[in-house]
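J.: Below is a structure I'd like to ask you about.
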Protein chains: 2
Amino acid sequence: MKPLTGVCVGAGYFASFHLDAWVRLRDVRIVGVCDRDNSRVVAALAQLDSAQPFSDLAQALEETQPDFVDIITPPESHLALVQACSGHVSAAICQKPLAPDFSTAVEIVETARNAGLRLMVHENFRFQPWYREIKRLLKAGVVGRQVHQIAFRMRMGDGWHEDAYLERQPYFRKMPRLLLHETGVHLIDVFRFLAGEIVDVHAYLCRLNQVIVGEDAGVVACRFKSGALGILDANRYNEPNYPNPRLTFGELTMDCDDGTIRLYGDGRITLQQLGSEEEPHHYSFSDAGFAGDCVYSTQAHFVDCLRNDREFETDASDYLRTLEIVERAYETAGPIASAPVSPGDAVERE
Amino acid sequence: MKPLTGVCVGAGYFASFHLDAWVRLRDVRIVGVCDRDNSRVVAALAQLDSAQPFSDLAQALEETQPDFVDIITPPESHLALVQACSGHVSAAICQKPLAPDFSTAVEIVETARNAGLRLMVHENFRFQPWYREIKRLLKAGVVGRQVHQIAFRMRMGDGWHEDAYLERQPYFRKMPRLLLHETGVHLIDVFRFLAGEIVDVHAYLCRLNQVIVGEDAGVVACRFKSGALGILDANRYNEPNYPNPRLTFGELTMDCDDGTIRLYGDGRITLQQLGSEEEPHHYSFSDAGFAGDCVYSTQAHFVDCLRNDREFETDASDYLRTLEIVERAYETAGPIASAPVSPGDAVERE
């Protein structure tokens, strides 16, 4: 089988996870890496067998004629890059956030559609192995056929220092919308994956660490089309009570008509049938790469869809519905509180 | 010290917890028990040293001239009983729900105020020993001075059978509002106790078990005056993963500016300072009576306030604010879904 060839654009922090996965996907070959910062391109090429360096995507496309482009740049650049892809390549996969704002996301989807460009969002959380396993358990009816409630608690603990986010993702500090736009969106997508369409949402948001511009804490309540209820309880300031906050990013509880599925912060899944005790559910996952190797699984899905002409699970046009939920959550929450919770205001002292 | 004398009106399921606590409060003597059902009065009197049986409160008041009345009847009767108390006794303590609806609750408060009747709501959850301890830890600044987020997950597991609630509290099945009105209200009060006033709330509710009239599942998101965020994630259908659902009724997480306090379903409290691991916090509590002996503590507070002319923590007029939050939650949720979540609607099958 002839390998699919790809060009990666963007060689920052998260690109190394993409490259690592592409290298392990045997029927894929990355033929070019493009970034304005040459030192980052050089570092990226060291991860690959052989690929050409580029500083301009149009030139990379012309010289390598790849089967796809992998867009791994900040959201501000995505529209221009999708435009650059259009008419020159048949498929692209693009990191999230898809765009800085919802209307640009719509424009990106329309640009791709008009150009016949198949565009998948690199929404990797739903490809984490525990969610694939939970979906399988749900489909098999192991805890029933109805979802009652889905609740996710996310505590990242990487946002309380004065130097919060500087080391890994410094642009987080300047994002006008952080928690839901950048991180929570993953869980909204997971909710849709596990419990179907969301028809109503209401959020409360606030900024805890004043070194950043956007919000770093929030609660999002929602109702699904099925009647099920959902809760995302998230903050990046406070810490979780398990060692690696970046494996599952939090804990999930799914209550169903015959019992409950729980996901713990170390990737453990348990099942509890009504009337019975909680029992461990045995399954295995790889802890390579990022968050249960979900980047690999995301890209494997992309390749599988290209090879077999199947629809992307996170096709950009479908993903707009996830972004609509996030948009609506921000609308209901109103302006992000510009002040922290007042010391002593909540807790009276003696 | 002359004992305070009291008359109990209502001798149903929960009254035995009240009587047990009154008996253990040494400077209190229950002089009368009143219930229309004589067999229940007889059973109640067996718990007491000596008290007279009554079927009518007015007669009981006239004959025993007590210092206070303890109202332990269903909400529909509370207004008439508070009216019966007015002018004949100086203080009363009344079980919750305070009234069938908010406007009747307001009428009860006004009736008591006009009659100079000191009226405390028997809101016992905030008197559970773990909440008193958590409040102490907050006041001492053990995990900081700001509350960021407060989240409670309640899974009772007593509402999924066809005979749900029949054995203990059969009237639950006919209540048009169940989960928040009857049970969730406790946690709204606990939230106010631990994190201050609530200024905004939004809820989603549904009925899971179709044998009942009201709702048995819901999520309530709220914002506190301080800026803190709150979540109540509750259902009486699905089961918790600890042995006794009626000790703490669920699990609490309180994120603060210097760390996190967690309450587990077995009454354990843990502390986690920012940058440190979760550690057990040692304290002791009694497992006598109901839910950490909170009925005893509630009534001890009532007696202390009567003896020392202190304000009740859950004075009925203050409690109206808790009821306003509950009322507003129902308003935002709209009509309780009359259909269960549709089988297979949320979870596609292969």
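Letters A, B, ... mark the chains of the structure tokens in the order given; residue numbers begin at 1 per chain; ligand numbers begin at 1, in order shown.
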Can you check which parts of stretch 98-155 of chain B lie within 9 Å of stretch 279-289 of chain B? Per residue, the shortest pair of atoms and distance in Å to one decimal, counting only C-alpha atoms, sorted by chain and number, as a tab-separated table.
T.:
residue	atom	partner	partner_atom	distance
B:Pro129	CA	B:Phe285	CA	6.1
B:Trp130	CA	B:Phe285	CA	7.8
B:Glu133	CA	B:Tyr283	CA	7.9
J.: Create the file for the chosen residues now, containing N, CA, C and O atoms and written as a CSV table (one decimal), in the first residue's frame.
T.:
chain,number,residue,atom,x,y,z
B,129,PRO,N,-21.9,16.8,61.6
B,129,PRO,CA,-20.6,17.2,62.2
B,129,PRO,C,-19.5,17.5,61.2
B,129,PRO,O,-18.6,18.3,61.5
B,130,TRP,N,-19.5,16.9,60.0
B,130,TRP,CA,-18.5,17.2,59.0
B,130,TRP,C,-18.6,18.6,58.5
B,130,TRP,O,-17.6,19.3,58.2
B,133,GLU,N,-17.2,20.9,61.1
B,133,GLU,CA,-15.8,20.8,61.1
B,133,GLU,C,-15.2,21.6,59.9
B,133,GLU,O,-14.2,22.3,60.0
J.: For B:Asp158, list every protein, DNA or RNA residue within 7 Å, evaluated using only C-alpha atoms, and leave out those in the same chain fewer than 5 positions away; present the list as a count of residues only.
T.: 4
J.: Write down as a PyMOL selection string the residues belonging to stretch 89-118 of chain A that are assigned alpha helix (DSSP H) by DSSP computed on the backbone.
T.: chain A and resi 102-115
J.: With C-alpha atoms retained, could you export that selection as a compact mmCIF listing (two decimals), in the first residue's frame?
T.:
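Full text of selection21.txt as output:
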# COMPACT_ATOMS: atom_id res chain seq x y z
CA PHE A 102 -17.28 31.19 16.38
CA SER A 103 -17.84 33.25 13.23
CA THR A 104 -14.29 32.49 12.05
CA ALA A 105 -14.93 28.81 12.73
CA VAL A 106 -17.98 29.00 10.48
CA GLU A 107 -15.87 30.72 7.83
CA ILE A 108 -13.26 27.96 8.04
CA VAL A 109 -15.94 25.29 7.57
CA GLU A 110 -17.40 27.15 4.59
CA THR A 111 -13.99 27.66 3.03
CA ALA A 112 -13.25 23.96 3.29
CA ARG A 113 -16.68 22.96 1.99
CA ASN A 114 -16.44 25.29 -1.02
CA ALA A 115 -13.01 23.94 -1.85
J.: Could you state the separation of atom CA of A:Val219 and atom CA of B:Thr322 in Å, given to one decimal place?
T.: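 If I compute the distance from atom CA of A:Val219 to atom CA of B:Thr322, I get 20.5 Å.
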J.: Quick check, in Å to one decimal: how far apart do atom CA of A:Ala44 and atom CA of A:Leu117 lie?
T.: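 Distance between the two atoms: 25.8 Å.
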J.: If we count only C-alpha atoms, what is near B:Asp101 at a cut-off of 12 Å, once residues fewer than 2 positions away on the same chain are taken out, given as a PyMOL selection string?
T.: chain B and resi 75-76+78-79+96-99+103-108+175-178+181-182+320+323-324+326-327+330
J.: From the options B:Ile93, B:Met156, B:Leu137, B:Ile261, which residue's atoms come nearest to B:Pro243, counting only C-alpha atoms?
T.: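 Residue with the minimum atom-to-atom distance to B:Pro243: B:Met156.
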J.: Just want the 9 Å neighbourhood of A:Asn38, counted on only C-alpha atoms, with same-chain residues fewer than 3 positions away dropped. Output as a list in words.
T.: Cys34, Asp35, Val41, Val42, Ala43, Pro53, Phe54 and Ser55 of chain A
J.: With N, CA and C atoms kept, could you save the residues just selected as a JSON list (two decimals), in the first residue's frame?
T.:
[["chain", "number", "residue", "atom", "x", "y", "z"],
["A", 34, "CYS", "N", 6.55, 22.68, 8.23],
["A", 34, "CYS", "CA", 6.52, 24.11, 7.90],
["A", 34, "CYS", "C", 6.32, 24.92, 9.17],
["A", 35, "ASP", "N", 7.20, 25.88, 9.40],
["A", 35, "ASP", "CA", 7.03, 26.80, 10.54],
["A", 35, "ASP", "C", 7.86, 28.04, 10.23],
["A", 41, "VAL", "N", 11.52, 24.04, 13.20],
["A", 41, "VAL", "CA", 11.48, 23.08, 12.08],
["A", 41, "VAL", "C", 12.62, 22.08, 12.21],
["A", 42, "VAL", "N", 13.79, 22.60, 12.53],
["A", 42, "VAL", "CA", 14.97, 21.73, 12.67],
["A", 42, "VAL", "C", 14.72, 20.69, 13.77],
["A", 43, "ALA", "N", 14.18, 21.14, 14.89],
["A", 43, "ALA", "CA", 13.89, 20.22, 15.99],
["A", 43, "ALA", "C", 12.87, 19.17, 15.56],
["A", 53, "PRO", "N", 12.22, 20.89, 5.11],
["A", 53, "PRO", "CA", 11.82, 22.06, 5.90],
["A", 53, "PRO", "C", 11.20, 23.14, 5.02],
["A", 54, "PHE", "N", 10.18, 23.81, 5.56],
["A", 54, "PHE", "CA", 9.55, 24.93, 4.84],
["A", 54, "PHE", "C", 9.21, 26.04, 5.82],
["A", 55, "SER", "N", 9.13, 27.26, 5.30],
["A", 55, "SER", "CA", 8.63, 28.35, 6.13],
["A", 55, "SER", "C", 7.28, 28.83, 5.61]]
J.: Pick out the closest residue to chain A from this set: B:Pro245, B:Gly184, B:Pro335, B:Gly157. Count only C-alpha atoms.
T.: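 The answer is B:Gly157, which sits nearest to chain A.
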J.: With only C-alpha atoms as the atoms that count, which of A:Asp56, A:Glu63, A:Asp318, A:Asp304 lies nearest to A:Val31?
T.: A:Glu63
J.: Which of these residues is nearest to A:Ile212, using only C-alpha atoms: A:Leu247, A:Leu4, A:Leu19, A:Ile336?
T.: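 Of A:Leu247, A:Leu4, A:Leu19, A:Ile336, the one nearest A:Ile212 is A:Ile336, counting only C-alpha atoms.
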J.: Contacts of A:Ala195 at 10 Å or less, counting only C-alpha atoms, minus same-chain residues fewer than 3 places along, as a list in words?
T.: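 Those residues are Lys135, Leu138, Gln146, Val147, His148, Gln149, Ile150, Asp189, Val190, Phe191, Arg192, Ile198, Phe224, Lys225, Ser226, Gly227, Ala228, Leu229, Gly230 and Met254 of chain A; Asp345, Ala346, Val347 and Glu348 of chain B.
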J.: Report as a list in words all protein, DNA and RNA residues lying within 8 Å of B:Ala217, evaluated on only C-alpha atoms, omitting residues in the same chain fewer than 6 positions from it.
T.: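 Contacts, with the query itself left out: Leu179, Leu205, Cys206, Arg207, Leu208, Ala234, Asn235, Arg236 and Tyr237 of chain B.
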J.: Give the strand (DSSP E) residues of stretch 98-157 of chain B, as DSSP finds them on the backbone, and put them as a list in words.
T.: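 The strand (DSSP E) subset of stretch 98-157 of chain B is Arg118, Leu119, Met120, Val121, His122, Val147, His148, Gln149, Ile150, Ala151, Phe152, Arg153, Met154 and Arg155 of chain B.
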J.: With N, CA and C atoms retained, write the just-selected residues as a PDB file, in the first residue's frame.
T.:
ATOM      1  N   ARG B 118     -40.910  32.846  68.051  1.00  0.00           N
ATOM      2  CA  ARG B 118     -39.582  32.544  67.497  1.00  0.00           C
ATOM      3  C   ARG B 118     -39.664  31.218  66.765  1.00  0.00           C
ATOM      4  N   LEU B 119     -39.361  31.226  65.478  1.00  0.00           N
ATOM      5  CA  LEU B 119     -39.558  30.019  64.657  1.00  0.00           C
ATOM      6  C   LEU B 119     -38.254  29.608  63.985  1.00  0.00           C
ATOM      7  N   MET B 120     -37.771  28.432  64.336  1.00  0.00           N
ATOM      8  CA  MET B 120     -36.571  27.888  63.710  1.00  0.00           C
ATOM      9  C   MET B 120     -36.960  26.739  62.788  1.00  0.00           C
ATOM     10  N   VAL B 121     -36.360  26.703  61.591  1.00  0.00           N
ATOM     11  CA  VAL B 121     -36.575  25.560  60.708  1.00  0.00           C
ATOM     12  C   VAL B 121     -35.636  24.434  61.146  1.00  0.00           C
ATOM     13  N   HIS B 122     -36.170  23.226  61.216  1.00  0.00           N
ATOM     14  CA  HIS B 122     -35.366  22.053  61.596  1.00  0.00           C
ATOM     15  C   HIS B 122     -34.539  21.629  60.382  1.00  0.00           C
ATOM     16  N   VAL B 147     -13.258  30.934  48.950  1.00  0.00           N
ATOM     17  CA  VAL B 147     -13.843  29.719  48.399  1.00  0.00           C
ATOM     18  C   VAL B 147     -13.949  29.919  46.884  1.00  0.00           C
ATOM     19  N   HIS B 148     -13.425  28.981  46.108  1.00  0.00           N
ATOM     20  CA  HIS B 148     -13.520  29.052  44.642  1.00  0.00           C
ATOM     21  C   HIS B 148     -14.750  28.321  44.110  1.00  0.00           C
ATOM     22  N   GLN B 149     -14.845  27.063  44.544  1.00  0.00           N
ATOM     23  CA  GLN B 149     -15.927  26.225  44.032  1.00  0.00           C
ATOM     24  C   GLN B 149     -16.390  25.286  45.125  1.00  0.00           C
ATOM     25  N   ILE B 150     -17.674  25.053  45.165  1.00  0.00           N
ATOM     26  CA  ILE B 150     -18.242  24.073  46.087  1.00  0.00           C
ATOM     27  C   ILE B 150     -19.112  23.141  45.248  1.00  0.00           C
ATOM     28  N   ALA B 151     -18.863  21.859  45.372  1.00  0.00           N
ATOM     29  CA  ALA B 151     -19.600  20.892  44.549  1.00  0.00           C
ATOM     30  C   ALA B 151     -20.061  19.750  45.432  1.00  0.00           C
ATOM     31  N   PHE B 152     -21.319  19.412  45.321  1.00  0.00           N
ATOM     32  CA  PHE B 152     -21.855  18.275  46.069  1.00  0.00           C
ATOM     33  C   PHE B 152     -22.475  17.291  45.095  1.00  0.00           C
ATOM     34  N   ARG B 153     -22.094  16.027  45.255  1.00  0.00           N
ATOM     35  CA  ARG B 153     -22.714  14.968  44.452  1.00  0.00           C
ATOM     36  C   ARG B 153     -23.531  14.083  45.363  1.00  0.00           C
ATOM     37  N   MET B 154     -24.821  14.034  45.111  1.00  0.00           N
ATOM     38  CA  MET B 154     -25.726  13.239  45.938  1.00  0.00           C
ATOM     39  C   MET B 154     -26.317  12.112  45.108  1.00  0.00           C
ATOM     40  N   ARG B 155     -26.071  10.880  45.550  1.00  0.00           N
ATOM     41  CA  ARG B 155     -26.704   9.713  44.929  1.00  0.00           C
ATOM     42  C   ARG B 155     -27.315   8.909  46.063  1.00  0.00           C
TER      43      ARG B 155
END
J.: Using only C-alpha atoms, pick whichever of A:Leu271, A:Leu232, A:Gln47, A:Trp22 has the shortest atom-to-atom distance to A:His301.
T.: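 The shortest atom-to-atom distance to A:His301 comes from A:Trp22.
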J.: Nearest to A:Arg29 among A:Leu48, A:Ala333, A:Val201, A:Ala92, with distances taken over only C-alpha atoms: which residue is it?
T.: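 Of A:Leu48, A:Ala333, A:Val201, A:Ala92, the one nearest A:Arg29 is A:Leu48, counting only C-alpha atoms.
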J.: For atom CA of A:Gln299 and atom CA of A:Asp216, quote the distance in Å rounded to one decimal.
T.: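 Here the two named atoms are 28.9 Å from each other.
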